[in-house]
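Next comes my_file-v6.cif, with mmCIF, C-alpha atoms and all ligand atoms.
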data_structure
#
loop_
_atom_site.label_atom_id
_atom_site.label_comp_id
_atom_site.auth_asym_id
_atom_site.auth_seq_id
_atom_site.Cartn_x
_atom_site.Cartn_y
_atom_site.Cartn_z
CA MET Z 1 0.00 0.00 0.00
CA THR Z 2 1.32 3.46 -0.87
CA GLU Z 3 2.44 5.92 1.78
CA LEU Z 4 -0.20 8.18 3.32
CA ALA Z 5 -0.36 11.57 1.61
CA ILE Z 6 -0.18 13.30 4.99
CA LEU Z 7 3.21 11.58 5.46
CA GLY Z 8 4.51 12.64 2.05
CA GLY Z 9 2.94 9.97 -0.22
CA GLN Z 10 0.82 10.44 -3.33
CA PRO Z 11 -2.82 11.39 -2.66
CA ILE Z 12 -5.50 9.00 -3.94
CA ILE Z 13 -7.43 11.95 -5.43
CA PRO Z 14 -4.87 14.03 -7.30
CA ARG Z 15 -6.98 17.10 -8.11
CA PRO Z 16 -10.00 18.80 -6.56
CA PHE Z 17 -13.46 17.70 -7.70
CA ALA Z 18 -15.24 20.17 -9.99
CA PRO Z 19 -17.95 22.19 -8.24
CA TYR Z 20 -21.47 20.95 -8.95
CA ARG Z 21 -23.31 22.86 -11.67
CA SER Z 22 -26.94 22.04 -12.31
CA LEU Z 23 -27.96 25.00 -14.47
CA GLY Z 24 -28.16 24.43 -18.21
CA THR Z 25 -29.72 25.72 -21.39
CA ALA Z 26 -33.28 25.05 -20.21
CA GLU Z 27 -32.76 27.38 -17.23
CA GLU Z 28 -31.10 29.92 -19.54
CA LYS Z 29 -34.11 29.85 -21.86
CA ALA Z 30 -36.57 30.19 -18.98
CA VAL Z 31 -34.72 33.24 -17.64
CA GLN Z 32 -34.56 34.79 -21.10
CA GLN Z 33 -38.32 34.47 -21.48
CA VAL Z 34 -38.95 36.21 -18.18
CA VAL Z 35 -36.51 39.01 -18.98
CA ARG Z 36 -38.17 39.49 -22.38
CA SER Z 37 -41.57 39.68 -20.71
CA GLY Z 38 -40.32 42.68 -18.76
CA CYS Z 39 -41.95 41.38 -15.57
CA LEU Z 40 -39.43 40.25 -12.96
CA SER Z 41 -41.99 40.12 -10.17
CA GLY Z 42 -45.73 39.62 -10.56
CA PHE Z 43 -46.71 40.55 -7.02
CA TYR Z 44 -48.93 43.62 -6.74
CA GLY Z 45 -50.23 45.19 -3.56
CA SER Z 46 -53.93 44.48 -3.53
CA TRP Z 47 -55.66 41.35 -2.22
CA GLU Z 48 -58.05 41.32 -5.17
CA SER Z 49 -55.41 41.38 -7.86
CA GLY Z 50 -51.82 40.21 -8.07
CA PHE Z 51 -51.40 39.50 -4.35
CA LEU Z 52 -50.51 35.86 -4.99
CA GLY Z 53 -47.71 36.55 -7.46
CA GLY Z 54 -47.07 36.39 -11.18
CA GLY Z 55 -47.51 33.63 -13.73
CA GLU Z 56 -44.18 31.90 -13.10
CA VAL Z 57 -44.62 31.94 -9.31
CA GLN Z 58 -48.14 30.53 -9.53
CA ALA Z 59 -47.15 27.88 -12.07
CA PHE Z 60 -44.14 26.88 -9.94
CA GLU Z 61 -46.38 26.51 -6.89
CA ALA Z 62 -48.93 24.45 -8.84
CA GLU Z 63 -46.20 22.13 -10.12
CA TRP Z 64 -44.66 21.77 -6.65
CA LYS Z 65 -48.07 20.99 -5.20
CA SER Z 66 -48.64 18.27 -7.72
CA ARG Z 67 -45.10 16.80 -7.36
CA PHE Z 68 -45.37 16.57 -3.58
CA LYS Z 69 -49.07 15.61 -3.59
CA THR Z 70 -49.98 18.32 -1.13
CA GLY Z 71 -52.93 20.67 -0.80
CA HIS Z 72 -51.07 23.98 -1.07
CA ALA Z 73 -47.59 25.18 -2.01
CA ILE Z 74 -46.51 28.72 -1.13
CA SER Z 75 -43.20 29.92 -2.51
CA VAL Z 76 -40.93 32.18 -0.46
CA ASN Z 77 -37.54 33.75 -1.01
CA SER Z 78 -35.65 31.40 1.34
CA ALA Z 79 -36.28 28.57 3.77
CA THR Z 80 -35.41 31.03 6.52
CA SER Z 81 -38.39 33.14 5.40
CA GLY Z 82 -40.47 29.98 5.08
CA LEU Z 83 -39.72 28.93 8.65
CA MET Z 84 -40.62 32.39 9.93
CA ALA Z 85 -43.85 32.34 7.92
CA ALA Z 86 -44.67 28.86 9.22
CA LEU Z 87 -44.18 29.79 12.86
CA GLY Z 88 -46.14 32.98 12.30
CA ALA Z 89 -48.94 31.05 10.61
CA ILE Z 90 -49.39 28.66 13.55
CA GLY Z 91 -49.63 31.65 15.89
CA ILE Z 92 -46.40 31.45 17.88
CA GLY Z 93 -46.25 34.29 20.41
CA PRO Z 94 -43.99 35.53 23.20
CA GLY Z 95 -43.07 32.80 25.66
CA ASP Z 96 -44.43 29.90 23.57
CA GLU Z 97 -42.02 26.99 23.47
CA ILE Z 98 -40.98 25.26 20.29
CA ILE Z 99 -38.96 22.05 20.51
CA VAL Z 100 -36.08 22.07 18.04
CA PRO Z 101 -33.08 19.78 17.60
CA ALA Z 102 -29.76 21.00 19.03
CA THR Z 103 -28.01 20.14 15.77
CA THR Z 104 -29.36 22.12 12.85
CA MET Z 105 -28.80 25.29 10.87
CA SER Z 106 -29.33 28.43 12.95
CA ALA Z 107 -32.48 29.55 11.08
CA THR Z 108 -34.45 26.68 12.65
CA ALA Z 109 -34.09 28.35 16.03
CA THR Z 110 -34.02 32.02 15.04
CA ALA Z 111 -37.36 31.66 13.26
CA CYS Z 112 -38.89 30.94 16.69
CA ILE Z 113 -37.32 34.02 18.25
CA VAL Z 114 -38.74 36.37 15.63
CA TYR Z 115 -42.16 35.90 17.28
CA GLY Z 116 -40.80 35.91 20.83
CA GLY Z 117 -40.94 32.10 20.92
CA ILE Z 118 -38.51 30.11 23.04
CA PRO Z 119 -36.51 27.42 21.26
CA VAL Z 120 -36.22 24.40 23.53
CA PHE Z 121 -33.33 22.26 22.39
CA ALA Z 122 -33.84 18.50 22.37
CA ASP Z 123 -30.97 16.09 21.89
CA ILE Z 124 -30.38 14.11 18.72
CA ASN Z 125 -30.31 10.42 17.93
CA PRO Z 126 -26.66 9.41 17.30
CA ASN Z 127 -27.58 7.20 14.34
CA THR Z 128 -29.79 9.58 12.38
CA PHE Z 129 -28.59 12.97 13.73
CA CYS Z 130 -32.28 13.96 13.93
CA LEU Z 131 -34.49 14.60 16.98
CA ASP Z 132 -34.35 11.94 19.67
CA LEU Z 133 -37.89 10.97 20.66
CA ASP Z 134 -37.13 10.46 24.36
CA SER Z 135 -35.53 13.88 24.56
CA VAL Z 136 -38.53 15.44 22.80
CA ARG Z 137 -40.89 13.81 25.32
CA GLU Z 138 -38.75 15.00 28.25
CA ASN Z 139 -38.87 18.56 26.96
CA LEU Z 140 -42.61 18.83 26.39
CA SER Z 141 -44.34 21.25 28.75
CA GLY Z 142 -47.61 23.11 29.11
CA LYS Z 143 -46.02 25.91 27.08
CA THR Z 144 -45.05 23.74 24.11
CA LYS Z 145 -46.84 25.04 21.05
CA ALA Z 146 -44.92 23.19 18.35
CA ILE Z 147 -42.26 20.69 17.49
CA LEU Z 148 -39.99 21.90 14.70
CA ALA Z 149 -38.34 18.76 13.34
CA VAL Z 150 -35.41 18.91 10.95
CA ASN Z 151 -34.86 16.18 8.39
CA LEU Z 152 -31.16 16.64 8.83
CA PHE Z 153 -28.70 15.79 6.07
CA GLY Z 154 -31.63 14.56 3.94
CA GLN Z 155 -33.06 11.85 6.21
CA ALA Z 156 -36.47 11.87 7.89
CA ALA Z 157 -36.68 12.68 11.58
CA PRO Z 158 -39.10 10.25 13.33
CA LEU Z 159 -41.93 12.19 11.73
CA SER Z 160 -44.92 9.86 12.14
CA GLU Z 161 -44.21 9.46 15.83
CA LEU Z 162 -43.67 13.22 16.23
CA ARG Z 163 -46.94 13.88 14.45
CA ARG Z 164 -48.67 11.44 16.80
CA ILE Z 165 -47.24 13.30 19.81
CA ALA Z 166 -48.30 16.64 18.31
CA ASP Z 167 -51.84 15.44 17.58
CA GLU Z 168 -52.23 13.92 21.03
CA ARG Z 169 -51.33 17.25 22.63
CA GLY Z 170 -53.10 19.47 20.12
CA ILE Z 171 -49.86 21.19 19.10
CA PHE Z 172 -48.22 21.63 15.69
CA LEU Z 173 -45.51 19.67 13.93
CA ILE Z 174 -43.52 21.78 11.48
CA GLU Z 175 -40.90 20.16 9.26
CA ASP Z 176 -37.73 22.00 8.39
CA ASN Z 177 -37.17 20.02 5.22
CA ALA Z 178 -34.57 22.41 3.79
CA GLN Z 179 -32.22 19.48 3.20
CA GLY Z 180 -34.62 16.71 2.23
CA PRO Z 181 -36.51 17.08 -1.06
CA LEU Z 182 -37.88 13.64 -2.08
CA ALA Z 183 -36.78 12.07 1.21
CA THR Z 184 -39.54 9.79 2.49
CA GLU Z 185 -40.78 8.06 5.61
CA SER Z 186 -43.03 5.02 5.07
CA GLY Z 187 -43.72 6.12 1.51
CA ARG Z 188 -44.72 9.68 2.42
CA TYR Z 189 -42.67 12.66 1.34
CA CYS Z 190 -40.86 14.54 4.05
CA GLY Z 191 -42.52 17.91 4.31
CA THR Z 192 -46.00 16.40 4.07
CA ILE Z 193 -46.17 14.67 7.46
CA GLY Z 194 -46.09 17.82 9.58
CA HIS Z 195 -48.75 20.55 9.47
CA ILE Z 196 -46.35 22.62 7.36
CA GLY Z 197 -43.16 21.57 5.54
CA VAL Z 198 -40.48 24.05 4.50
CA PHE Z 199 -37.97 23.50 1.69
CA SER Z 200 -34.85 25.48 0.76
CA LEU Z 201 -33.93 26.38 -2.80
CA ASN Z 202 -30.64 28.08 -2.03
CA TYR Z 203 -27.70 27.57 -4.35
CA HIS Z 204 -26.21 24.53 -2.64
CA LYS Z 205 -29.37 22.45 -2.29
CA HIS Z 206 -30.44 19.50 -4.48
CA ILE Z 207 -32.39 21.84 -6.72
CA HIS Z 208 -32.12 25.58 -6.46
CA THR Z 209 -33.11 29.03 -7.61
CA GLY Z 210 -30.07 30.87 -6.20
CA GLU Z 211 -32.09 31.80 -3.14
CA GLY Z 212 -35.62 30.58 -2.57
CA GLY Z 213 -37.89 28.28 -0.63
CA MET Z 214 -41.28 26.58 -0.58
CA CYS Z 215 -43.82 25.92 2.18
CA ILE Z 216 -46.37 23.16 1.82
CA THR Z 217 -49.47 22.34 3.82
CA ASP Z 218 -52.79 20.53 3.50
CA ASP Z 219 -54.56 23.05 5.70
CA PRO Z 220 -56.27 25.86 3.74
CA ARG Z 221 -56.29 28.21 6.74
CA LEU Z 222 -52.55 27.82 7.27
CA ALA Z 223 -52.01 28.20 3.51
CA GLN Z 224 -53.82 31.52 3.49
CA ARG Z 225 -51.88 32.73 6.53
CA LEU Z 226 -48.61 31.75 4.85
CA GLN Z 227 -49.61 33.65 1.70
CA MET Z 228 -50.48 36.69 3.75
CA ILE Z 229 -47.36 36.70 5.93
CA ARG Z 230 -45.27 36.36 2.77
CA ASN Z 231 -46.61 39.64 1.47
CA HIS Z 232 -47.26 42.27 4.16
CA ALA Z 233 -50.35 40.72 5.68
CA GLU Z 234 -51.08 43.86 7.69
CA ALA Z 235 -52.16 45.68 4.55
CA VAL Z 236 -54.63 43.06 3.34
CA VAL Z 237 -56.32 41.58 6.41
CA GLU Z 238 -59.43 43.69 5.95
CA ALA Z 239 -59.77 43.02 2.24
CA ALA Z 240 -59.27 39.31 2.90
CA GLY Z 241 -61.92 39.36 5.62
CA VAL Z 242 -59.50 37.92 8.17
CA SER Z 243 -60.42 38.51 11.79
CA ASP Z 244 -57.56 36.58 13.46
CA ILE Z 245 -54.78 39.08 12.85
CA THR Z 246 -52.25 37.38 15.16
CA ASN Z 247 -48.80 37.57 13.51
CA MET Z 248 -50.36 39.07 10.38
CA PHE Z 249 -47.73 41.69 9.73
CA GLY Z 250 -44.35 42.53 8.56
CA PHE Z 251 -42.60 40.78 5.76
CA ASN Z 252 -41.69 40.62 2.11
CA PHE Z 253 -40.83 36.96 1.48
CA ARG Z 254 -41.80 37.07 -2.20
CA LEU Z 255 -40.03 34.98 -4.85
CA THR Z 256 -39.19 36.67 -8.15
CA GLU Z 257 -40.47 35.53 -11.53
CA LEU Z 258 -36.86 34.85 -12.53
CA SER Z 259 -36.30 32.51 -9.59
CA ALA Z 260 -39.64 30.78 -10.11
CA ALA Z 261 -38.88 30.21 -13.81
CA ILE Z 262 -35.56 28.56 -12.90
CA GLY Z 263 -37.29 26.61 -10.14
CA ARG Z 264 -39.79 25.14 -12.60
CA VAL Z 265 -36.98 23.76 -14.76
CA GLN Z 266 -35.11 22.43 -11.75
CA LEU Z 267 -38.24 20.83 -10.32
CA ALA Z 268 -38.91 19.05 -13.61
CA ALA Z 269 -35.46 17.42 -13.23
CA ILE Z 270 -35.60 16.82 -9.47
CA ASP Z 271 -35.54 13.03 -9.78
CA GLU Z 272 -32.34 13.12 -11.77
CA HIS Z 273 -30.67 15.55 -9.32
CA VAL Z 274 -31.65 13.58 -6.23
CA ASN Z 275 -31.08 10.11 -7.72
CA ARG Z 276 -27.55 11.04 -8.75
CA ARG Z 277 -26.62 11.96 -5.18
CA GLU Z 278 -28.33 8.90 -3.80
CA ARG Z 279 -26.39 6.61 -6.15
CA PHE Z 280 -23.12 8.29 -5.21
CA ALA Z 281 -23.83 8.10 -1.48
CA THR Z 282 -25.04 4.49 -1.55
CA ARG Z 283 -21.87 3.46 -3.34
CA LEU Z 284 -19.70 5.41 -0.90
CA THR Z 285 -21.44 3.79 2.08
CA ALA Z 286 -20.82 0.34 0.57
CA ASN Z 287 -17.17 1.29 0.03
CA VAL Z 288 -16.56 1.98 3.70
CA ALA Z 289 -18.71 -0.72 5.27
CA ASN Z 290 -17.15 -2.91 7.96
CA LEU Z 291 -14.25 -0.66 8.91
CA GLU Z 292 -13.61 -0.78 12.65
CA GLY Z 293 -14.37 2.57 14.29
CA ILE Z 294 -16.11 4.03 11.22
CA ILE Z 295 -19.92 4.19 11.01
CA PRO Z 296 -21.25 5.26 7.61
CA PRO Z 297 -24.71 6.89 7.61
CA PRO Z 298 -27.43 4.31 8.25
CA VAL Z 299 -30.73 4.67 6.41
CA ARG Z 300 -33.79 4.28 8.62
CA GLU Z 301 -36.07 1.37 7.76
CA ASN Z 302 -38.77 2.32 5.24
CA CYS Z 303 -37.12 5.68 4.62
CA ARG Z 304 -35.40 7.32 1.69
CA HIS Z 305 -32.26 9.33 2.52
CA VAL Z 306 -31.37 11.98 -0.07
CA TYR Z 307 -27.91 12.90 1.25
CA TYR Z 308 -27.62 16.63 1.42
CA VAL Z 309 -24.71 15.64 3.65
CA TRP Z 310 -23.13 12.20 3.74
CA ALA Z 311 -21.88 12.03 7.31
CA LEU Z 312 -19.94 9.25 8.95
CA ARG Z 313 -19.07 8.84 12.61
CA CYS Z 314 -15.57 8.14 13.91
CA ILE Z 315 -15.53 6.18 17.15
CA SER Z 316 -12.05 7.08 18.36
CA GLU Z 317 -11.80 4.34 21.00
CA GLN Z 318 -12.23 1.74 18.26
CA LEU Z 319 -10.39 3.61 15.55
CA GLY Z 320 -7.38 4.31 17.75
CA ILE Z 321 -6.98 7.88 16.50
CA LYS Z 322 -8.92 11.08 17.01
CA ARG Z 323 -11.57 12.23 14.53
CA ASP Z 324 -9.58 15.33 13.63
CA THR Z 325 -6.42 13.29 12.89
CA PHE Z 326 -8.50 11.05 10.64
CA ILE Z 327 -9.96 14.05 8.84
CA ALA Z 328 -6.54 15.63 8.29
CA ALA Z 329 -5.33 12.37 6.75
CA ILE Z 330 -8.27 11.84 4.41
CA ALA Z 331 -8.22 15.54 3.44
CA ALA Z 332 -4.55 15.08 2.48
CA GLU Z 333 -5.73 12.21 0.23
CA GLY Z 334 -7.98 14.74 -1.53
CA VAL Z 335 -11.36 14.21 0.19
CA PRO Z 336 -13.06 17.59 0.74
CA CYS Z 337 -14.65 16.81 4.09
CA PHE Z 338 -15.34 18.80 7.22
CA PRO Z 339 -15.34 18.02 10.93
CA ALA Z 340 -18.73 18.01 12.62
CA TYR Z 341 -21.59 20.02 11.11
CA VAL Z 342 -22.61 23.00 13.20
CA ARG Z 343 -22.11 23.56 16.91
CA PRO Z 344 -25.17 22.63 18.98
CA LEU Z 345 -27.06 25.88 18.52
CA TYR Z 346 -27.49 26.71 22.19
CA LEU Z 347 -23.72 27.21 22.38
CA LEU Z 348 -24.00 30.28 20.12
CA PRO Z 349 -23.46 33.65 21.86
CA MET Z 350 -27.12 34.54 21.39
CA PHE Z 351 -28.21 31.73 23.74
CA GLN Z 352 -25.20 31.79 26.03
CA ARG Z 353 -25.65 35.52 26.66
CA ARG Z 354 -29.45 35.41 26.31
CA ILE Z 355 -29.50 38.41 24.02
CA ALA Z 356 -31.65 38.43 20.89
CA MET Z 357 -34.11 41.30 20.50
CA GLY Z 358 -33.25 44.51 22.31
CA SER Z 359 -30.88 44.41 25.25
CA ASP Z 360 -33.22 43.25 28.03
CA GLY Z 361 -32.94 39.59 27.13
CA PHE Z 362 -36.24 39.32 25.24
CA PRO Z 363 -37.58 36.69 24.68
CA PHE Z 364 -35.35 34.64 27.00
CA ASN Z 365 -36.49 36.76 29.96
CA LEU Z 366 -39.93 35.14 29.54
CA SER Z 367 -38.56 31.67 30.21
CA GLN Z 368 -36.81 29.61 32.87
CA ARG Z 369 -35.19 27.43 30.18
CA THR Z 370 -31.38 27.36 30.32
CA TYR Z 371 -28.80 26.79 27.61
CA ASP Z 372 -25.86 25.46 29.61
CA LYS Z 373 -23.11 23.39 28.11
CA GLY Z 374 -24.02 19.73 28.60
CA LEU Z 375 -27.71 20.34 27.77
CA CYS Z 376 -27.68 17.89 24.84
CA PRO Z 377 -24.74 15.54 25.46
CA THR Z 378 -25.12 13.46 22.30
CA ALA Z 379 -25.21 16.52 20.04
CA GLU Z 380 -22.14 17.92 21.81
CA ARG Z 381 -20.18 14.65 21.57
CA LEU Z 382 -21.02 14.09 17.91
CA HIS Z 383 -19.99 17.65 17.11
CA ALA Z 384 -16.76 17.64 19.10
CA GLU Z 385 -15.55 14.12 18.42
CA GLU Z 386 -17.42 12.04 15.89
CA ILE Z 387 -19.03 13.56 12.80
CA VAL Z 388 -17.13 13.73 9.52
CA GLY Z 389 -19.25 15.41 6.86
CA PHE Z 390 -19.08 15.44 3.12
CA GLU Z 391 -21.44 17.43 0.89
CA PRO Z 392 -22.48 15.52 -2.23
CA CYS Z 393 -24.38 18.66 -3.33
CA ALA Z 394 -21.20 20.69 -3.60
CA TRP Z 395 -19.29 18.61 -6.13
CA GLN Z 396 -19.78 17.09 -9.56
CA LEU Z 397 -19.57 13.44 -8.53
CA ASP Z 398 -20.42 10.04 -9.90
CA GLU Z 399 -20.02 6.51 -8.65
CA SER Z 400 -16.35 6.33 -9.71
CA ASP Z 401 -15.71 9.26 -7.35
CA ALA Z 402 -17.40 7.31 -4.57
CA ASP Z 403 -14.87 4.55 -5.26
CA LEU Z 404 -11.99 7.05 -5.04
CA ILE Z 405 -13.23 8.57 -1.79
CA GLY Z 406 -13.85 5.09 -0.41
CA ALA Z 407 -10.29 4.10 -1.38
CA ALA Z 408 -8.90 7.19 0.38
CA ILE Z 409 -10.82 6.36 3.57
CA ARG Z 410 -9.74 2.72 3.46
CA LYS Z 411 -6.11 3.70 2.85
CA VAL Z 412 -6.07 5.93 5.93
CA HIS Z 413 -7.93 3.34 7.97
CA ALA Z 414 -5.45 0.60 7.06
CA GLN Z 415 -2.45 2.72 8.08
CA ARG Z 416 -3.90 4.46 11.09
CA ASP Z 417 -1.22 2.99 13.36
CA LYS Z 418 1.24 5.41 11.80
CA LEU Z 419 -1.05 8.29 12.70
CA ARG Z 420 -1.49 6.98 16.22
CA SER Z 421 2.24 7.23 16.85
CA ARG Z 422 2.26 10.75 15.35
CA GLU Z 423 -0.57 11.71 17.71
CA ARG Z 424 1.40 10.27 20.65
CA ASN Z 425 4.56 12.17 19.65
CA ALA Z 426 2.63 15.41 19.26
CA ALA Z 427 1.05 15.03 22.74
C1 LIG N 1 -31.81 22.72 8.08
C2 LIG N 1 -31.85 24.07 7.41
N1 LIG N 1 -32.83 24.93 7.73
C3 LIG N 1 -32.92 26.13 7.16
C4 LIG N 1 -32.00 26.55 6.22
C5 LIG N 1 -32.14 27.91 5.64
O1 LIG N 1 -32.26 27.86 4.26
P1 LIG N 1 -32.17 29.16 3.36
O2 LIG N 1 -30.72 29.39 3.10
O3 LIG N 1 -32.94 28.82 2.14
O4 LIG N 1 -32.77 30.28 4.12
C6 LIG N 1 -30.97 25.70 5.84
C7 LIG N 1 -29.97 26.12 4.84
O5 LIG N 1 -28.98 25.48 4.60
C8 LIG N 1 -30.89 24.42 6.44
O6 LIG N 1 -29.92 23.57 6.13
#
Starting from the file, give its structure as structure tokens.
Ligand SMILES: Cc1ncc(COP(=O)(O)O)c(C=O)c1O
Amino acid sequence: MTELAILGGQPIIPRPFAPYRSLGTAEEKAVQQVVRSGCLSGFYGSWESGFLGGGEVQAFEAEWKSRFKTGHAISVNSATSGLMAALGAIGIGPGDEIIVPATTMSATATACIVYGGIPVFADINPNTFCLDLDSVRENLSGKTKAILAVNLFGQAAPLSELRRIADERGIFLIEDNAQGPLATESGRYCGTIGHIGVFSLNYHKHIHTGEGGMCITDDPRLAQRLQMIRNHAEAVVEAAGVSDITNMFGFNFRLTELSAAIGRVQLAAIDEHVNRRERFATRLTANVANLEGIIPPPVRENCRHVYYVWALRCISEQLGIKRDTFIAAIAAEGVPCFPAYVRPLYLLPMFQRRIAMGSDGFPFNLSQRTYDKGLCPTAERLHAEEIVGFEPCAWQLDESDADLIGAAIRKVHAQRDKLRSRERNAA
């Protein structure tokens, strides 16, 4: 076996992978048509006319609705906006608690704070990286208004069970499905199991519009509230005959005609985009099966994982070297990977210092909840010691690349004794 690249040998992957590009002539043509039409946004102010967006936006929503077999699809200009709209639509107010996973992108939690809601961080399951059901149950309280589940890395959180808990308690389940288009649980699309599902269409997702997002729901009342929040609800509540004006104010979350036109083309090819990543990831998982101390991402039974991130776990006691040593060695072999994902969110300064809106600690001053280190031990351990992430969405990859990356991981694994002695010498 050749010398490890980190010790001066030849890397397995000699040059960087090309960045992923999914835009082609069809998108170019769609954009050209919109530009020629002279209408880059079809939203007008009044409830009676134009309030729901232009032709491309409405067609994109209709196509999304039909693809995901859902009652309503409401486009927005990011998943961050979509999450805010969703929490607004279900009526979150100051002091209401929303259970969120500790490991997720920051917008999952900040969307709660926009309405004065209190994110309550539940721990994650070490196998799926998604919400742990026991931790969710332990964190439920009389103030819990919603569970905001994240289908992290492209795999379903335990959605059916979470929905059951939500229904039993008369609270809402919202899915942050930014990372999971076409992921499924028991044959149902992620995004459709909660009361509202939110997708991201930002530039590094499976399909994208540069920036953008989509909310879906089967509930016509929530759909109307989402449409209103997207487009300065305060100005149209009277015309719409809406008497519950809770959270009906504030935002411009509108998607442009240009973005919607690109989105329509991308949506038409979504199977191809998602299948390609799934093939790559399945092959990579097979390539690194049965290596002591390495756990490739398991797929939950009856679920489809769509691999926004392919994340393995290093169990250092079995591997004999630390996660970060392993990463340095596979990176030297040419694998563009990263340690961990994000810090458990409650470790961010905002939660540690309890400062969000204004300087009096609002909304944290409405709550006894604490954000101390140690709150979610599994999330902290996985972040600090175990997760190695790789983003199939970022690179132009096929199954032969999965073989190369697998070979790089196996090469490092086979020679890890050499790294162990380096670690000892460095200590
Ligand atoms: C889990 C999760 N939620 C929300 C977002 C926010 O998405 P956007 O960038 O479309 O606002 C992201 C973006 O990566 C995400 O991964």
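All protein and nucleic acid residues in the vicinity of (-47.3, 32.1, 16.3), that is within 8 Å when counting all atoms listed in the file, are Leu87, Gly88, Ala89, Ile90, Gly91, Ile92, Gly93, Tyr115, Gly117, Thr246 and Asn247 of chain Z.
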Counting only C-alpha atoms, I want the residues whose atoms come within 12 Å of (-32.6, 16.8, -7.7) in the file frame, returned as number ranges by chain.
Z: 20-23, 154, 179-183, 201, 204-208, 263, 265-278, 306-308, 392-393
Neighbouring residues of ligand LIG 1 (chain N) are defined here as those with any atom at most 9 Å from a ligand atom, counting all atoms listed in the file; list them as an MDAnalysis selection string.
chainID Z and resid 77:83 103:108 150:153 176:180 198:205 211:213 308
Which residues come within 10 Å of range 280-287 of chain Z, counting all atoms listed in the file, excluding same-chain residues fewer than 6 positions away, as a count of residues only?
29
So how many Å separate CA of Phe351 in chain Z and CA of Ile165 in chain Z, to one decimal?
26.8 Å
Residues within 12 Å of Glu301 in chain Z, only C-alpha atoms, excluding chain neighbours under 4 positions, as a PyMOL selection string
chain Z and resi 128+155-158+184-187+305
Residue nearest Phe364 in chain Z - candidates Z:Leu133, Z:Cys112, Z:Leu222, Z:Ala329, atoms counted: all atoms listed in the file
Z:Cys112
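Going from CA of Pro344 in chain Z to CA of Glu385 in chain Z covers 12.9 Å.
Distances here use all atoms listed in the file; by that measure, the residue among Z:Leu131, Z:Val120, Z:Leu291, Z:Leu148 closest to Tyr346 in chain Z is Z:Val120.
Each of Z:Arg424, Z:Glu28, Z:Glu333, Z:His413 was checked against Ala289 in chain Z using only C-alpha atoms; the smallest atom-to-atom distance is that of Z:His413.
Residue nearest Phe121 in chain Z within the list Z:Phe17, Z:Ile327, Z:Asn425, Z:Pro101: Z:Pro101 [criterion: smallest interatomic distance, all atoms listed in the file].
Take the candidates Z:Asp132, Z:Ala240, Z:Pro14, Z:Pro220 and check each one against Ser46 in chain Z using only C-alpha atoms; the shortest distance goes to Z:Ala240.
The residue that comes closest to Ala340 in chain Z, out of Z:Cys376, Z:Leu382, Z:Leu319, Z:Cys314 and on the basis of all atoms listed in the file, is Z:Leu382.
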Residue contacts of Trp64 in chain Z (9 Å, all atoms listed in the file) excluding same-chain residues fewer than 5 positions away, as a PyMOL selection string
chain Z and resi 59+69-70+72-73+214+216+264+267
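Atom to atom, CA of Ile330 in chain Z and CA of Ala5 in chain Z stand 8.4 Å apart.
For range 354-357 of chain Z, the set of protein, DNA and RNA residues having any atom at most 10 Å away, when counting only C-alpha atoms and skipping those fewer than 6 positions along the same chain, is Thr110, Ile113, Val114, Gly116, Tyr346, Leu348, Pro363, Phe364, Asn365, Thr370 and Tyr371 of chain Z.
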Please list as an NGL selection string every residue within 10 Å of Ala332 in chain Z, counting only C-alpha atoms and excluding residues in the same chain fewer than 2 positions away.
:Z and (4-14 or 326-330 or 334-336 or 408 or 412)
Range 323-333 of chain Z: axis-aligned bounding box, 3 Å on each side, centre and edge lengths in Å, one decimal, as JSON:
{"center_x": -8.1, "center_y": 13.3, "center_z": 7.4, "size_x": 13.0, "size_y": 10.6, "size_z": 20.3}
